[in-house]
Amino acid sequence: MSFLRRRSATPAGPDFDVLAMDPGDWPGNLGAGLLPAPDGSCQGVFLRYDLFGGRGPAMIIGNLPEGSPAREVPEGEIPFEVAQLLLALGNDEEVKVVGAEDVPVMQGDNLLVVRRLKLSEGRISCVQFDRSDGVLVTIAAWDRPITDDLYALLKPLPAELFQQG
């Protein structure tokens with residue numbers, strides 16, 4: 001796995017649980033990126049799941065806590081995770097949010113209100129939901145729909161996964 005790490009000597013792990021799919025449950029490659037703030041705190045984590053043998057990711061899952069600048073997206077603009085997906089795919093066409101729909105979804109015993117974003121690029125699926133701890137989870141997938149089954153696979157990843165080695 002390739003991880004982006006902070007340049008300081010402090011542990012590079014986030015200060016919050018990262019909700020994603022366990023790397024052992026994913027048949028492709030996994031990469032993770034941390035968004036560090038100038039003070040060294042973690043402003044977000046995104047995980048890139050690659051099924052295409054290095055030709056680009058199939059999915060990016062972001063976890064952005066309250067106050068993260070990456071959450072501040074102007075109306076109609078794409079979320080950070082969609083921009084990362086397009087960048088990783090080498091796709092430079094302009095993509096906009098053209099609509100949104102809130103849908104209730106069960107995740108175990110919890111009811112999530114999932115916002116499904118409609119994008120001008122029809123091959124991208126994108127959903128967002130807020131966790132009870134204020135972390136915004138965004139899932140962006142390329143050329144595959146995001147179904148309710150995916151939410152059952154999401155779980156907190158161990159903090160050790162994000163520590164400097």
# chains A, B, ... in the order shown; residues from 1 in each chain; ligands from 1

call {"tool": "residues_around", "arguments": {"residues": "Ala159 (chain A)", "least_positions_apart": "3", "cutoff": "10 Å", "atoms": "only C-alpha atoms", "output": "ChimeraX atom specification"}}
result
/A:12-18,156,162-163

call {"tool": "select_by_dssp", "arguments": {"residues": "chain A", "states": "strand (DSSP E)", "output": "PyMOL selection string"}}
result
chain A and resi 2-3+18-21+29-36+42-50+59-64+97-107+110-119+124-130+136-142+154-157

call {"tool": "residues_around", "arguments": {"residues": "Ile124 (chain A)", "least_positions_apart": "5", "cutoff": "7 Å", "atoms": "only C-alpha atoms", "output": "CSV table (one decimal) with N, CA and C atoms, in the first residue's frame"}}
result
chain,number,residue,atom,x,y,z
A,140,ALA,N,-17.1,8.4,-4.0
A,140,ALA,CA,-17.2,8.7,-5.5
A,140,ALA,C,-16.7,7.5,-6.2
A,141,ALA,N,-17.5,7.0,-7.1
A,141,ALA,CA,-17.2,5.8,-7.9
A,141,ALA,C,-17.2,6.1,-9.4
A,142,TRP,N,-16.3,5.4,-10.1
A,142,TRP,CA,-16.2,5.6,-11.5
A,142,TRP,C,-16.8,4.4,-12.2
A,143,ASP,N,-17.8,4.7,-13.1
A,143,ASP,CA,-18.4,3.7,-14.0
A,143,ASP,C,-19.0,2.5,-13.3

call {"tool": "residues_around", "arguments": {"residues": "Val97 (chain A)", "least_positions_apart": "3", "cutoff": "8 Å", "atoms": "only C-alpha atoms", "output": "PyMOL selection string"}}
result
chain A and resi 76-78+100+117-120

call {"tool": "atom_distance", "arguments": {"atom1": "CA of Asp130 (chain A)", "atom2": "CA of Leu19 (chain A)"}}
result
11.2 Å

call {"tool": "closest_residue", "arguments": {"among": "A:Glu72, A:Asp50, A:Asp149, A:Asp109", "to": "Trp26 (chain A)", "atoms": "only C-alpha atoms"}}
result
A:Asp50

call {"tool": "closest_residue", "arguments": {"among": "A:Leu112, A:Ala70, A:Leu154, A:Cys42", "to": "Ile139 (chain A)", "atoms": "only C-alpha atoms"}}
result
A:Leu154

call {"tool": "closest_residue", "arguments": {"among": "A:Leu85, A:Leu35, A:Val114, A:Met21", "to": "Ala58 (chain A)", "atoms": "only C-alpha atoms"}}
result
A:Leu85

call {"tool": "closest_residue", "arguments": {"among": "A:Pro65, A:Gly134, A:Pro57, A:Gly90", "to": "Ser41 (chain A)", "atoms": "only C-alpha atoms"}}
result
A:Pro65

call {"tool": "residues_around", "arguments": {"residues": "Ala83 (chain A)", "least_positions_apart": "6", "cutoff": "10 Å", "atoms": "only C-alpha atoms", "output": "JSON, numbers by chain"}}
result
{"A": [77, 89, 91, 92, 94, 95, 140]}

call {"tool": "atom_distance", "arguments": {"atom1": "CA of Gln84 (chain A)", "atom2": "CA of Arg144 (chain A)"}}
result
16.6 Å

call {"tool": "residues_around", "arguments": {"residues": "Pro69 (chain A)", "least_positions_apart": "2", "cutoff": "12 Å", "atoms": "only C-alpha atoms", "output": "ChimeraX atom specification"}}
result
/A:35-38,42-44,64-67,71-74,79-80

call {"tool": "atom_distance", "arguments": {"atom1": "CA of Val45 (chain A)", "atom2": "CA of Leu153 (chain A)"}}
result
17.7 Å

call {"tool": "select_by_dssp", "arguments": {"residues": "chain A", "states": "helix (DSSP H, G or I)", "output": "PyMOL selection string"}}
result
chain A and resi 23-25+69-71+80-89+149-153+159-162

call {"tool": "write_last_selection", "arguments": {"atoms": "C-alpha atoms", "output": "PDB file, in the first residue's frame"}}
result
ATOM      1  CA  PRO A  23      -8.417  -3.334   2.735  1.00  0.00           C
ATOM      2  CA  GLY A  24      -8.652  -7.106   3.203  1.00  0.00           C
ATOM      3  CA  ASP A  25     -12.150  -7.055   1.716  1.00  0.00           C
ATOM      4  CA  PRO A  69     -11.386  23.282   4.365  1.00  0.00           C
ATOM      5  CA  ALA A  70     -11.979  20.466   1.839  1.00  0.00           C
ATOM      6  CA  ARG A  71     -15.651  20.433   2.941  1.00  0.00           C
ATOM      7  CA  PHE A  80     -13.104  17.044  -3.082  1.00  0.00           C
ATOM      8  CA  GLU A  81     -13.333  13.251  -3.592  1.00  0.00           C
ATOM      9  CA  VAL A  82     -14.835  13.620  -7.080  1.00  0.00           C
ATOM     10  CA  ALA A  83     -12.038  16.025  -7.991  1.00  0.00           C
ATOM     11  CA  GLN A  84      -9.475  13.476  -6.716  1.00  0.00           C
ATOM     12  CA  LEU A  85     -11.154  10.726  -8.758  1.00  0.00           C
ATOM     13  CA  LEU A  86     -11.048  12.829 -11.933  1.00  0.00           C
ATOM     14  CA  LEU A  87      -7.421  13.771 -11.270  1.00  0.00           C
ATOM     15  CA  ALA A  88      -6.416  10.140 -10.742  1.00  0.00           C
ATOM     16  CA  LEU A  89      -8.182   9.132 -13.948  1.00  0.00           C
ATOM     17  CA  ASP A 149     -25.057  -3.010  -0.214  1.00  0.00           C
ATOM     18  CA  LEU A 150     -21.921  -0.869  -0.041  1.00  0.00           C
ATOM     19  CA  TYR A 151     -22.954   0.743   3.262  1.00  0.00           C
ATOM     20  CA  ALA A 152     -22.905  -2.676   4.967  1.00  0.00           C
ATOM     21  CA  LEU A 153     -19.187  -2.990   4.067  1.00  0.00           C
ATOM     22  CA  ALA A 159      -5.787   3.682  13.640  1.00  0.00           C
ATOM     23  CA  GLU A 160      -2.534   1.703  13.178  1.00  0.00           C
ATOM     24  CA  LEU A 161      -3.241   1.667   9.443  1.00  0.00           C
ATOM     25  CA  PHE A 162      -2.421   5.398   9.352  1.00  0.00           C
TER      26      PHE A 162
END
